[in-house]
$ cat target.tsv   # TSV, C-alpha atoms
chain	number	residue	atom	x	y	z
Y	7	MET	CA	-105.94	-28.62	4.60
Y	8	THR	CA	-102.74	-27.57	2.85
Y	9	LEU	CA	-99.30	-27.14	4.37
Y	10	GLN	CA	-99.45	-23.40	3.67
Y	11	GLN	CA	-102.66	-23.06	5.70
Y	12	ILE	CA	-101.11	-24.98	8.59
Y	13	LYS	CA	-98.11	-22.63	8.56
Y	14	LYS	CA	-100.34	-19.57	8.59
Y	15	THR	CA	-102.35	-20.97	11.49
Y	16	ALA	CA	-99.13	-21.67	13.44
Y	17	LEU	CA	-97.92	-18.09	12.86
Y	18	VAL	CA	-101.23	-16.68	14.04
Y	19	SER	CA	-101.05	-18.88	17.13
Y	20	LEU	CA	-97.53	-17.69	17.96
Y	21	TRP	CA	-98.55	-14.07	17.44
Y	22	PHE	CA	-101.54	-14.53	19.77
Y	23	VAL	CA	-99.27	-16.07	22.41
Y	24	PHE	CA	-96.96	-13.06	22.13
Y	25	LEU	CA	-99.84	-10.61	22.56
Y	26	THR	CA	-101.30	-12.38	25.60
Y	27	PHE	CA	-97.95	-13.17	27.24
Y	28	PRO	CA	-97.92	-10.25	29.74
Y	29	ILE	CA	-101.48	-10.99	30.86
Y	30	MET	CA	-101.68	-14.77	30.88
Y	31	VAL	CA	-98.13	-15.77	31.84
Y	32	ILE	CA	-96.80	-13.07	34.18
Y	33	ARG	CA	-98.48	-12.56	37.56
Y	34	VAL	CA	-97.06	-9.84	39.79
Y	35	ASN	CA	-97.79	-9.85	43.51
Y	36	THR	CA	-97.37	-6.25	44.65
Y	37	ILE	CA	-97.62	-7.15	48.34
Y	38	THR	CA	-94.79	-9.68	48.45
Y	39	GLN	CA	-93.08	-8.14	45.39
Y	40	THR	CA	-92.74	-11.48	43.67
Y	41	ILE	CA	-93.38	-12.63	40.10
Y	42	THR	CA	-95.05	-15.92	39.23
Y	43	TRP	CA	-94.44	-17.38	35.77
Y	44	ARG	CA	-97.43	-19.39	34.53
Y	45	TRP	CA	-95.89	-21.20	31.57
Y	46	HIS	CA	-98.72	-23.72	31.42
Y	47	ASN	CA	-101.09	-20.92	30.37
Y	48	MET	CA	-98.86	-20.15	27.40
Y	49	ALA	CA	-98.99	-23.80	26.33
Y	50	PHE	CA	-102.79	-23.88	26.65
Y	51	ILE	CA	-103.14	-20.71	24.59
Y	52	ALA	CA	-100.77	-21.95	21.90
Y	53	LEU	CA	-102.48	-25.32	21.53
Y	54	GLY	CA	-105.97	-23.87	21.80
Y	55	THR	CA	-105.44	-21.16	19.18
Y	56	PHE	CA	-103.62	-23.53	16.83
Y	57	PHE	CA	-106.24	-26.28	16.79
Y	58	GLY	CA	-109.04	-23.73	16.96
Y	59	GLY	CA	-107.55	-21.96	13.95
Y	60	LEU	CA	-107.40	-25.23	12.02
Y	61	LEU	CA	-111.04	-25.94	12.77
Y	62	TRP	CA	-111.91	-22.38	11.80
Y	63	ARG	CA	-110.17	-22.68	8.42
Y	64	LEU	CA	-111.79	-26.05	7.82
Y	65	ALA	CA	-115.23	-24.58	8.56
Y	66	LEU	CA	-114.60	-21.63	6.25
Y	67	ASP	CA	-113.56	-24.00	3.48
Y	68	ARG	CA	-116.75	-26.02	3.91
Y	69	LYS	CA	-119.02	-22.97	3.98
Y	70	PRO	CA	-118.99	-22.22	0.20
Y	71	ALA	CA	-119.75	-25.86	-0.57
Y	72	SER	CA	-122.75	-25.87	1.77
Y	73	ALA	CA	-123.92	-22.56	0.30
Y	74	ARG	CA	-123.81	-24.03	-3.20
Y	75	GLN	CA	-125.79	-27.06	-2.06
Y	76	ALA	CA	-128.38	-24.78	-0.46
Y	77	LYS	CA	-128.91	-22.96	-3.77
Y	78	GLN	CA	-129.59	-26.20	-5.64
Y	79	PRO	CA	-133.26	-27.13	-5.98
Y	80	GLU	CA	-134.34	-29.61	-3.37
Y	81	VAL	CA	-136.02	-32.86	-4.33
Y	82	LEU	CA	-138.78	-33.38	-1.82
Y	83	THR	CA	-138.90	-37.15	-1.78
Y	84	GLU	CA	-138.22	-37.87	1.88
Y	85	ASP	CA	-141.52	-36.49	3.20
Y	86	PRO	CA	-144.32	-38.91	2.23
Y	87	ASP	CA	-146.94	-36.18	2.50
Y	88	VAL	CA	-145.06	-33.93	0.09
Y	89	THR	CA	-144.41	-36.88	-2.25
Y	90	ASP	CA	-148.10	-37.70	-2.36
Y	91	VAL	CA	-148.89	-34.07	-3.06
Y	92	LYS	CA	-146.48	-33.97	-6.01
Y	93	ALA	CA	-147.91	-37.19	-7.42
Y	94	GLU	CA	-151.49	-35.96	-7.31
Y	95	SER	CA	-153.10	-33.41	-9.59
Y	96	GLY	CA	-156.11	-31.15	-9.73
Y	97	ILE	CA	-158.39	-30.96	-6.67
Y	98	ALA	CA	-156.60	-33.82	-4.91
Y	99	ARG	CA	-153.28	-32.01	-5.26
Y	100	ARG	CA	-154.71	-28.81	-3.81
Y	101	LEU	CA	-156.23	-30.69	-0.91
Y	102	GLY	CA	-152.88	-32.36	-0.31
Y	103	ILE	CA	-151.09	-29.00	-0.24
Y	104	LEU	CA	-153.68	-27.69	2.20
Y	105	ARG	CA	-153.20	-30.75	4.40
Y	106	VAL	CA	-149.44	-30.20	4.52
Y	107	LYS	CA	-149.88	-26.53	5.41
Y	108	VAL	CA	-152.38	-27.35	8.14
Y	109	ALA	CA	-149.96	-29.90	9.57
Y	110	GLN	CA	-147.20	-27.33	9.60
Y	111	LYS	CA	-149.42	-24.76	11.29
Y	112	ARG	CA	-150.49	-27.36	13.83
Y	113	THR	CA	-146.86	-28.12	14.61
Y	114	ARG	CA	-146.12	-24.43	14.97
Y	115	ARG	CA	-149.05	-23.94	17.30
Y	116	SER	CA	-147.98	-26.93	19.37
Y	117	LEU	CA	-144.51	-25.45	19.79
Y	118	ILE	CA	-145.98	-22.09	20.81
Y	119	ALA	CA	-148.29	-23.77	23.32
Y	120	LEU	CA	-145.37	-25.75	24.75
Y	121	ALA	CA	-143.28	-22.57	25.09
Y	122	VAL	CA	-146.12	-20.72	26.85
Y	123	PHE	CA	-146.78	-23.66	29.19
Y	124	SER	CA	-143.07	-23.88	30.07
Y	125	ALA	CA	-142.89	-20.14	30.66
Y	126	LEU	CA	-145.88	-20.27	33.03
Y	127	LEU	CA	-144.35	-23.08	35.09
Y	128	PHE	CA	-140.79	-21.75	35.07
Y	129	PRO	CA	-140.82	-19.72	38.34
Y	130	HIS	CA	-142.33	-22.66	40.25
Y	131	LEU	CA	-139.71	-25.11	38.99
Y	132	SER	CA	-136.61	-22.92	39.44
Y	133	SER	CA	-134.88	-20.95	42.16
Y	134	LEU	CA	-135.22	-17.25	42.97
Y	135	TYR	CA	-131.90	-16.57	41.24
Y	136	GLN	CA	-133.06	-18.22	38.02
Y	137	THR	CA	-136.35	-16.32	38.15
Y	138	ASN	CA	-134.58	-12.97	38.51
Y	139	ILE	CA	-132.31	-13.79	35.57
Y	140	MET	CA	-135.31	-14.68	33.44
Y	141	ILE	CA	-137.03	-11.41	34.41
Y	142	THR	CA	-134.03	-9.49	33.12
Y	143	ALA	CA	-133.98	-11.55	29.93
Y	144	LEU	CA	-137.69	-10.94	29.32
Y	145	ILE	CA	-137.23	-7.20	29.82
Y	146	TYR	CA	-134.56	-7.26	27.11
Y	147	VAL	CA	-136.90	-9.31	24.91
Y	148	MET	CA	-139.43	-6.49	25.19
Y	149	LEU	CA	-136.78	-3.88	24.43
Y	150	ALA	CA	-135.50	-5.85	21.44
Y	151	LEU	CA	-139.01	-6.26	20.03
Y	152	GLY	CA	-139.58	-2.52	20.33
Y	153	LEU	CA	-136.26	-1.72	18.66
Y	154	ASN	CA	-137.03	-4.30	15.98
Y	155	ILE	CA	-139.82	-2.00	14.75
Y	156	VAL	CA	-137.33	0.77	14.04
Y	157	ILE	CA	-134.34	-1.27	12.86
Y	158	GLY	CA	-135.77	-4.58	11.66
Y	159	LEU	CA	-138.76	-3.20	9.78
Y	160	GLY	CA	-137.77	0.40	9.05
Y	161	ASN	CA	-134.03	-0.22	8.56
Y	162	MET	CA	-133.21	2.88	10.64
Y	163	LEU	CA	-130.06	2.55	12.77
Y	164	HIS	CA	-131.06	3.63	16.27
Y	165	LEU	CA	-128.30	3.78	18.91
Y	166	GLY	CA	-130.17	5.78	21.55
Y	167	TYR	CA	-132.98	3.39	22.35
Y	168	ILE	CA	-131.96	3.05	25.99
Y	169	ALA	CA	-132.92	6.71	26.55
Y	170	PHE	CA	-136.62	5.80	26.37
Y	171	PHE	CA	-135.94	2.96	28.79
Y	172	ALA	CA	-134.51	5.57	31.19
Y	173	VAL	CA	-137.53	7.83	30.67
Y	174	GLY	CA	-139.87	5.05	31.76
Y	175	ALA	CA	-137.79	4.08	34.78
Y	176	TYR	CA	-137.30	7.64	36.03
Y	177	THR	CA	-140.96	8.46	35.46
Y	178	TYR	CA	-141.92	5.77	37.93
Y	179	GLY	CA	-139.17	6.73	40.36
Y	180	LEU	CA	-140.02	10.44	40.33
Y	181	MET	CA	-143.77	9.87	40.51
Y	182	HIS	CA	-143.30	7.73	43.59
Y	183	GLN	CA	-140.81	10.09	45.19
Y	184	TYR	CA	-142.79	13.31	44.71
Y	185	LEU	CA	-146.39	12.15	44.24
Y	186	GLY	CA	-146.44	8.85	46.10
Y	187	LEU	CA	-147.94	6.96	43.16
Y	188	GLY	CA	-147.54	3.22	42.74
Y	189	PHE	CA	-146.61	0.89	39.91
Y	190	TRP	CA	-149.96	0.61	38.14
Y	191	ALA	CA	-150.56	4.37	38.22
Y	192	ALA	CA	-147.10	5.14	36.83
Y	193	LEU	CA	-147.19	2.49	34.08
Y	194	PRO	CA	-149.53	4.30	31.63
Y	195	VAL	CA	-147.95	7.68	32.37
Y	196	ALA	CA	-144.47	6.32	31.64
Y	197	ALA	CA	-145.72	4.72	28.42
Y	198	VAL	CA	-147.20	8.06	27.25
Y	199	LEU	CA	-144.09	10.07	28.19
Y	200	SER	CA	-141.71	7.65	26.48
Y	201	THR	CA	-143.92	7.73	23.38
Y	202	LEU	CA	-143.80	11.53	23.37
Y	203	ALA	CA	-140.01	11.38	23.79
Y	204	GLY	CA	-139.83	9.09	20.74
Y	205	ILE	CA	-141.88	11.55	18.70
Y	206	LEU	CA	-139.72	14.48	19.83
Y	207	LEU	CA	-136.62	12.59	18.74
Y	208	ALA	CA	-138.17	11.61	15.40
Y	209	LEU	CA	-139.19	15.15	14.44
Y	210	PRO	CA	-135.67	16.53	13.84
Y	211	VAL	CA	-134.36	13.34	12.21
Y	212	LEU	CA	-137.05	12.82	9.58
Y	213	ARG	CA	-134.60	13.69	6.81
Y	214	LEU	CA	-131.67	11.74	8.22
Y	215	ARG	CA	-130.65	8.18	7.40
Y	216	GLY	CA	-127.76	5.78	7.85
Y	217	ASP	CA	-124.78	6.89	9.91
Y	218	TYR	CA	-126.14	10.40	10.46
Y	219	LEU	CA	-129.28	9.00	12.08
Y	220	ALA	CA	-127.16	6.74	14.28
Y	221	ILE	CA	-125.02	9.69	15.44
Y	222	VAL	CA	-128.05	11.82	16.31
Y	223	THR	CA	-129.77	9.04	18.27
Y	224	LEU	CA	-126.51	8.26	20.05
Y	225	GLY	CA	-126.21	11.91	21.04
Y	226	PHE	CA	-129.80	11.90	22.27
Y	227	ALA	CA	-129.08	8.97	24.59
Y	228	GLU	CA	-126.04	10.76	26.00
Y	229	ILE	CA	-128.03	13.97	26.49
Y	230	VAL	CA	-130.64	12.09	28.51
Y	231	ARG	CA	-128.00	10.33	30.63
Y	232	ILE	CA	-126.06	13.54	31.34
Y	233	LEU	CA	-129.27	15.40	32.14
Y	234	LEU	CA	-130.26	12.74	34.66
Y	235	ASN	CA	-126.75	12.84	36.09
Y	236	ASN	CA	-126.63	16.63	36.51
Y	237	ALA	CA	-130.18	17.32	37.70
Y	238	ARG	CA	-129.28	16.50	41.29
Y	239	ASN	CA	-132.18	18.39	42.85
Y	240	LEU	CA	-134.72	16.46	40.80
Y	241	THR	CA	-133.26	13.04	40.01
Y	242	GLY	CA	-130.66	12.71	42.75
Y	243	GLY	CA	-127.77	12.80	40.27
Y	244	PRO	CA	-125.32	9.88	40.46
Y	245	ALA	CA	-126.93	8.73	43.74
Y	246	GLY	CA	-130.09	7.93	41.83
Y	247	ILE	CA	-133.48	7.12	43.33
Y	248	SER	CA	-133.86	4.36	45.91
Y	249	GLY	CA	-136.77	2.81	47.73
Y	250	ILE	CA	-138.90	2.36	44.61
Y	251	PRO	CA	-141.81	0.09	45.58
Y	252	ARG	CA	-142.51	-3.16	43.82
Y	253	PRO	CA	-145.92	-3.72	42.21
Y	254	SER	CA	-148.76	-4.57	44.54
Y	255	PHE	CA	-151.63	-7.00	44.11
Y	256	PHE	CA	-154.80	-5.60	45.72
Y	257	GLY	CA	-152.82	-4.49	48.78
Y	258	MET	CA	-151.55	-7.98	49.60
Y	259	THR	CA	-148.29	-8.33	51.53
Y	260	MET	CA	-145.76	-10.50	49.68
Y	261	ASN	CA	-142.26	-11.64	50.53
Y	262	LEU	CA	-139.31	-11.37	48.17
Y	263	TYR	CA	-139.92	-14.73	46.50
Y	264	GLN	CA	-143.61	-14.07	45.92
Y	265	VAL	CA	-143.09	-10.57	44.57
Y	266	SER	CA	-140.40	-11.87	42.20
Y	267	ILE	CA	-142.86	-14.41	40.79
Y	268	TYR	CA	-145.47	-11.65	40.50
Y	269	ILE	CA	-143.06	-9.41	38.56
Y	270	TYR	CA	-142.14	-12.38	36.38
Y	271	TYR	CA	-145.75	-12.89	35.34
Y	272	ILE	CA	-146.18	-9.15	34.74
Y	273	VAL	CA	-143.20	-8.99	32.39
Y	274	LEU	CA	-144.26	-12.26	30.72
Y	275	ALA	CA	-147.71	-10.79	30.01
Y	276	ALA	CA	-146.04	-7.61	28.71
Y	277	VAL	CA	-143.86	-9.68	26.35
Y	278	VAL	CA	-146.89	-11.59	25.02
Y	279	LEU	CA	-148.73	-8.30	24.46
Y	280	THR	CA	-145.66	-6.85	22.73
Y	281	VAL	CA	-145.37	-9.85	20.41
Y	282	PHE	CA	-149.04	-9.58	19.47
Y	283	VAL	CA	-148.95	-5.82	18.84
Y	284	VAL	CA	-145.70	-5.97	16.86
Y	285	TRP	CA	-147.01	-8.87	14.77
Y	286	ARG	CA	-150.25	-7.03	14.02
Y	287	PHE	CA	-148.37	-3.82	13.26
Y	288	GLU	CA	-146.05	-5.63	10.85
Y	289	ASN	CA	-149.02	-6.95	8.87
Y	290	SER	CA	-150.91	-3.66	8.94
Y	291	ARG	CA	-150.98	-0.95	6.29
Y	292	ILE	CA	-148.49	1.25	8.15
Y	293	GLY	CA	-146.26	-1.73	8.88
Y	294	ARG	CA	-146.05	-2.67	5.22
Y	295	ALA	CA	-145.34	0.96	4.38
Y	296	LEU	CA	-142.54	0.89	6.97
Y	297	VAL	CA	-141.04	-2.24	5.41
Y	298	ALA	CA	-141.23	-0.63	1.97
Y	299	MET	CA	-139.54	2.50	3.31
Y	300	GLY	CA	-136.81	0.38	4.88
Y	301	GLU	CA	-136.05	-1.34	1.59
Y	302	ASP	CA	-136.10	1.82	-0.57
Y	303	ASP	CA	-137.46	5.05	0.86
Y	304	ILE	CA	-137.29	6.92	-2.45
Y	305	ALA	CA	-139.32	4.26	-4.26
Y	306	ALA	CA	-141.76	4.05	-1.35
Y	307	GLU	CA	-142.29	7.82	-1.36
Y	308	ALA	CA	-142.77	7.74	-5.13
Y	309	MET	CA	-145.50	5.13	-4.65
Y	310	GLY	CA	-147.36	7.40	-2.24
Y	311	VAL	CA	-146.02	6.35	1.17
Y	312	ASP	CA	-145.96	9.20	3.70
Y	313	ILE	CA	-142.38	8.81	4.94
Y	314	SER	CA	-142.71	11.35	7.77
Y	315	ARG	CA	-145.83	9.72	9.18
Y	316	VAL	CA	-144.34	6.24	8.97
Y	317	LYS	CA	-141.13	7.27	10.74
Y	318	LEU	CA	-143.03	9.04	13.51
Y	319	THR	CA	-145.21	5.96	14.02
Y	320	ALA	CA	-142.18	3.65	14.15
Y	321	PHE	CA	-140.31	5.78	16.69
Y	322	ALA	CA	-143.42	6.31	18.82
Y	323	LEU	CA	-144.43	2.64	18.93
Y	324	GLY	CA	-140.87	1.47	19.47
Y	325	SER	CA	-140.29	3.85	22.39
Y	326	LEU	CA	-143.61	2.86	23.98
Y	327	TRP	CA	-142.34	-0.62	24.89
Y	328	ALA	CA	-139.06	0.80	26.16
Y	329	GLY	CA	-140.98	3.00	28.61
Y	330	ILE	CA	-143.04	0.05	29.87
Y	331	GLY	CA	-139.87	-2.00	30.24
Y	332	GLY	CA	-138.28	0.85	32.21
Y	333	VAL	CA	-141.11	0.85	34.75
Y	334	ILE	CA	-140.80	-2.92	35.23
Y	335	PHE	CA	-137.03	-2.60	35.57
Y	336	ALA	CA	-137.34	0.12	38.23
Y	337	SER	CA	-139.88	-1.93	40.19
Y	338	ARG	CA	-137.65	-5.00	40.08
Y	339	THR	CA	-134.41	-3.35	41.19
Y	340	ALA	CA	-136.05	-0.78	43.56
Y	341	PHE	CA	-133.10	1.51	42.69
Y	342	ILE	CA	-132.12	3.38	39.55
Y	343	ASN	CA	-129.28	5.74	38.64
Y	344	PRO	CA	-127.85	7.06	35.35
Y	345	ALA	CA	-125.19	4.33	35.29
Y	346	SER	CA	-127.92	1.81	34.45
Y	347	PHE	CA	-128.72	3.55	31.15
Y	348	THR	CA	-125.45	3.86	29.27
Y	349	VAL	CA	-124.84	3.52	25.56
Y	350	TRP	CA	-123.56	0.01	26.21
Y	351	GLN	CA	-127.10	-1.04	27.09
Y	352	SER	CA	-128.32	0.31	23.74
Y	353	ILE	CA	-125.63	-1.74	22.00
Y	354	ILE	CA	-126.77	-4.87	23.84
Y	355	VAL	CA	-130.36	-4.34	22.70
Y	356	LEU	CA	-129.15	-3.68	19.16
Y	357	SER	CA	-127.09	-6.88	19.28
Y	358	CYS	CA	-130.20	-8.83	20.32
Y	359	VAL	CA	-131.97	-7.64	17.17
Y	360	VAL	CA	-129.03	-8.19	14.81
Y	361	LEU	CA	-128.01	-11.59	16.18
Y	362	GLY	CA	-131.55	-12.88	16.34
Y	363	GLY	CA	-132.49	-11.71	12.85
Y	364	MET	CA	-133.68	-8.24	11.90
Y	365	GLY	CA	-137.40	-8.15	11.29
Y	366	SER	CA	-137.98	-11.67	12.62
Y	367	ILE	CA	-140.04	-11.80	15.82
Y	368	PRO	CA	-139.00	-15.37	16.82
Y	369	GLY	CA	-135.40	-14.55	15.95
Y	370	VAL	CA	-135.38	-11.40	18.10
Y	371	ILE	CA	-136.85	-13.32	21.04
Y	372	ILE	CA	-134.26	-16.09	20.78
Y	373	GLY	CA	-131.46	-13.57	20.25
Y	374	ALA	CA	-132.41	-11.57	23.35
Y	375	LEU	CA	-132.77	-14.66	25.52
Y	376	GLY	CA	-129.46	-16.04	24.30
Y	377	LEU	CA	-127.55	-12.79	24.64
Y	378	ILE	CA	-128.70	-12.28	28.24
Y	379	LEU	CA	-128.80	-15.87	29.50
Y	380	ILE	CA	-125.61	-17.28	27.96
Y	381	PRO	CA	-123.20	-15.01	29.94
Y	382	GLU	CA	-125.01	-15.94	33.15
Y	383	TYR	CA	-124.82	-19.67	32.51
Y	384	LEU	CA	-121.15	-19.35	31.53
Y	385	ARG	CA	-120.19	-18.14	35.00
Y	386	ALA	CA	-118.77	-21.61	35.62
Y	387	PHE	CA	-115.89	-20.57	33.34
Y	388	SER	CA	-115.12	-17.69	35.70
Y	389	ASP	CA	-112.68	-15.26	34.05
Y	390	TYR	CA	-112.97	-16.89	30.64
Y	391	ARG	CA	-116.75	-16.70	30.29
Y	392	MET	CA	-116.75	-13.45	28.30
Y	393	LEU	CA	-114.01	-14.83	26.05
Y	394	VAL	CA	-116.11	-17.92	25.36
Y	395	PHE	CA	-119.18	-15.76	24.86
Y	396	GLY	CA	-117.34	-13.53	22.37
Y	397	ALA	CA	-116.12	-16.57	20.45
Y	398	ILE	CA	-119.71	-17.84	20.21
Y	399	LEU	CA	-120.90	-14.48	18.86
Y	400	VAL	CA	-118.10	-14.25	16.29
Y	401	THR	CA	-118.74	-17.79	15.10
Y	402	MET	CA	-122.44	-17.12	14.76
Y	403	MET	CA	-121.93	-13.89	12.81
Y	404	VAL	CA	-119.55	-15.63	10.39
Y	405	PHE	CA	-121.81	-18.57	9.63
Y	406	ARG	CA	-125.19	-16.88	10.18
Y	407	PRO	CA	-124.68	-13.24	9.14
Y	408	GLY	CA	-128.42	-12.75	8.68
Y	409	GLY	CA	-129.20	-13.79	12.25
Y	410	LEU	CA	-130.36	-16.98	13.89
Y	411	ILE	CA	-133.80	-16.84	12.27
Y	412	GLN	CA	-133.81	-14.69	9.17
Y	413	LYS	CA	-136.88	-12.76	8.15
Y	414	ARG	CA	-138.67	-14.44	5.27
Y	415	ARG	CA	-139.66	-12.10	2.51
Y	416	ARG	CA	-143.24	-12.47	1.38
Y	417	ALA	CA	-143.47	-14.04	-2.07
Y	418	TYR	CA	-146.51	-14.42	-4.29
Y	419	THR	CA	-146.70	-17.17	-6.90
Y	420	PHE	CA	-149.05	-17.04	-9.85
Y	421	HIS	CA	-150.31	-20.36	-11.21
Y	422	VAL	CA	-151.79	-20.81	-14.63
Y	423	GLU	CA	-155.10	-22.61	-14.57
Y	424	GLU	CA	-154.98	-25.98	-16.28
Y	425	GLN	CA	-157.02	-26.15	-19.46
Y	426	LYS	CA	-159.53	-28.96	-19.69

$ encode --input "target.tsv" --output "structure tokens"
Amino acid sequence: MTLQQIKKTALVSLWFVFLTFPIMVIRVNTITQTITWRWHNMAFIALGTFFGGLLWRLALDRKPASARQAKQPEVLTEDPDVTDVKAESGIARRLGILRVKVAQKRTRRSLIALAVFSALLFPHLSSLYQTNIMITALIYVMLALGLNIVIGLGNMLHLGYIAFFAVGAYTYGLMHQYLGLGFWAALPVAAVLSTLAGILLALPVLRLRGDYLAIVTLGFAEIVRILLNNARNLTGGPAGISGIPRPSFFGMTMNLYQVSIYIYYIVLAAVVLTVFVVWRFENSRIGRALVAMGEDDIAAEAMGVDISRVKLTAFALGSLWAGIGGVIFASRTAFINPASFTVWQSIIVLSCVVLGGMGSIPGVIIGALGLILIPEYLRAFSDYRMLVFGAILVTMMVFRPGGLIQKRRRAYTFHVEEQK
């Protein structure tokens, strides 16, 4: 740390104190017409930004060194299994490699089993408040996985994804209000309608890409929100739809705690199904074509990939999970209105995909859970929780720009057979 860097950090700290002075230092009481000067806040901000800036500069200076070390070839001598594999040759070496891979897969399966077991026991070991928070987080996991198909695999910037979420929620609300149908009857209908909405959006944007695609999808989300807001005779307008029933279980009567656990298991099963379908789609023929289109659509089209068909499939499958999530959301809250489906919600879902790691299913799950749960668990910081949350996001994007768990590109290695 040089003296010049310390001076720059001190100047930044003073400038930050100047900018936050009217908010953090001056408190005006309009009832008693008095002013309270909170000078201690100014000292906290000055010291916090100064030492935080020093740590930030130190971390940035260490980042290139760690990046250079990461590029150097690793010497795998610490793992005895890997060492034995390198020392062996021929059939023994291949068997050793297979043993290491099986051990890794076994570890991965053990972690998955532990996560599933913990998820099944969670509502019985936590309070009703914690269960409701986790339901919301799992709904966003489903939304993020659906958006990951369009953005993570297809590399198409979609800013109107929340519109399909609204289609699913309002389908359930309107079907109950006018037809008296329940949750399980509305669920497949909402999934079909949201899929059709995704196809209708994809048709006029087949030739668009980049910022133009983002603007069109953003406009589509606003059109849906304004339409729901103005169609007062059908949707209730800003008043929304209330009294939406929660899902039933063979006509059984359940209290609030029991129905919350029931909804939790429904959304957990939906998330597991979403993970399985998205994983299978990614490794399918169309999924690989979508990945190829996302990397270079011109090269993919030259190699025979039907770009229009792939885009329609991505939008349709991505919007399907948004519609299912919308039905679960409406059944959980029992009330919906257009204010629940703003562009800000689309940005949150997009942030879950980007922060977790585009194209990475585990990364998207962790990103969605973190983005939804961290603000809730930071409520102990009261007014400063969003500031702390923003600092965490900025730090993560600086040091992990590819996301928490980056997508690993498939690589194929050719080995020359040893001559006898």

$ closest_residue --input "target.tsv" --among "Y:Arg252, Y:Arg215, Y:Arg231, Y:Arg286" --to "Leu187 in chain Y" --atoms "only C-alpha atoms"
Y:Arg252

$ closest_residue --input "target.tsv" --among "Y:Phe123, Y:Trp21, Y:Tyr383, Y:Phe50" --to "Tyr135 in chain Y" --atoms "only C-alpha atoms"
Y:Tyr383

$ atom_distance --input "target.tsv" --atom1 "CA of Asp312 in chain Y" --atom2 "CA of Ala295 in chain Y"
8.3 Å

$ closest_residue --input "target.tsv" --among "Y:Thr401, Y:Gly331, Y:His182, Y:Val355" --to "Gly59 in chain Y" --atoms "only C-alpha atoms"
Y:Thr401

$ closest_residue --input "target.tsv" --among "Y:Met48, Y:Val400, Y:Ile371, Y:Ile157" --to "Val278 in chain Y" --atoms "all atoms listed in the file"
Y:Ile371

$ atom_distance --input "target.tsv" --atom1 "CA of Arg238 in chain Y" --atom2 "CA of Ile141 in chain Y"
29.8 Å

$ residues_around --input "target.tsv" --residues "Ile205 in chain Y" --least-positions-apart "4" --cutoff "9 Å" --atoms "only C-alpha atoms" --output "ChimeraX atom specification"
/Y:200-201,209,318-319,321-322,325

$ closest_atom_pairs --input "target.tsv" --of "range 243-323 of chain Y" --to "range 151-155 of chain Y" --cutoff "9 Å" --atoms "only C-alpha atoms" --output "CSV"
residue,atom,partner,partner_atom,distance
Y:Val277,CA,Y:Leu151,CA,8.7
Y:Thr280,CA,Y:Leu151,CA,7.2
Y:Val281,CA,Y:Leu151,CA,7.3
Y:Val284,CA,Y:Ile155,CA,7.4
Y:Phe287,CA,Y:Ile155,CA,8.9
Y:Glu288,CA,Y:Ile155,CA,8.2
Y:Gly293,CA,Y:Ile155,CA,8.7
Y:Leu296,CA,Y:Ile155,CA,8.7
Y:Ala320,CA,Y:Ile155,CA,6.2
Y:Phe321,CA,Y:Ile155,CA,8.0
Y:Leu323,CA,Y:Gly152,CA,7.2

$ closest_residue --input "target.tsv" --among "Y:Met30, Y:Ile334, Y:Ile378, Y:Leu60" --to "Phe189 in chain Y" --atoms "all atoms listed in the file"
Y:Ile334

$ atom_distance --input "target.tsv" --atom1 "CA of His164 in chain Y" --atom2 "CA of Leu379 in chain Y"
23.7 Å

$ closest_residue --input "target.tsv" --among "Y:Ile232, Y:Leu126, Y:Leu134, Y:Leu144" --to "Asn343 in chain Y" --atoms "all atoms listed in the file"
Y:Ile232

$ residues_around --input "target.tsv" --residues "Ile29 in chain Y" --least-positions-apart "6" --cutoff "12 Å" --atoms "all atoms listed in the file" --output "list of chain:residue names"
Y:Phe22, Y:Val23, Y:Thr42, Y:Trp43, Y:Arg44, Y:Trp45, Y:Asn47, Y:Met48, Y:Ile51

$ axis_aligned_box --input "target.tsv" --around "range 162-181 of chain Y" --padding-each-side "3 Å" --output "JSON"
{"center_x": -136.0, "center_y": 6.5, "center_z": 25.6, "size_x": 21.5, "size_y": 13.9, "size_z": 35.9}

$ closest_atom_pairs --input "target.tsv" --of "range 319-350 of chain Y" --to "range 222-227 of chain Y" --cutoff "12 Å" --atoms "only C-alpha atoms" --output "Markdown table"
| residue | atom | partner | partner_atom | distance |
| --- | --- | --- | --- | --- |
| Y:Phe321 | CA | Y:Thr223 | CA | 11.1 |
| Y:Pro344 | CA | Y:Ala227 | CA | 11.0 |
| Y:Phe347 | CA | Y:Ala227 | CA | 8.5 |
| Y:Thr348 | CA | Y:Ala227 | CA | 7.8 |
| Y:Val349 | CA | Y:Ala227 | CA | 7.0 |
| Y:Trp350 | CA | Y:Ala227 | CA | 10.6 |

$ residues_around --input "target.tsv" --residues "range 18-20 of chain Y" --least-positions-apart "5" --cutoff "12 Å" --atoms "only C-alpha atoms" --output "NGL selection string"
:Y and (11-13 or 25-27 or 48-60)

$ residues_around --input "target.tsv" --residues "Val311 in chain Y" --least-positions-apart "6" --cutoff "12 Å" --atoms "all atoms listed in the file" --output "list of chain:residue names"
Y:Arg291, Y:Ile292, Y:Gly293, Y:Arg294, Y:Ala295, Y:Leu296, Y:Val297, Y:Ala298, Y:Met299, Y:Gly300, Y:Asp302, Y:Asp303, Y:Ile304, Y:Ala305, Y:Lys317

$ residues_around --input "target.tsv" --residues "Leu377 in chain Y" --least-positions-apart "3" --cutoff "9 Å" --atoms "only C-alpha atoms" --output "JSON, numbers by chain"
{"Y": [143, 354, 357, 358, 361, 372, 373, 374, 380, 381, 395, 399]}
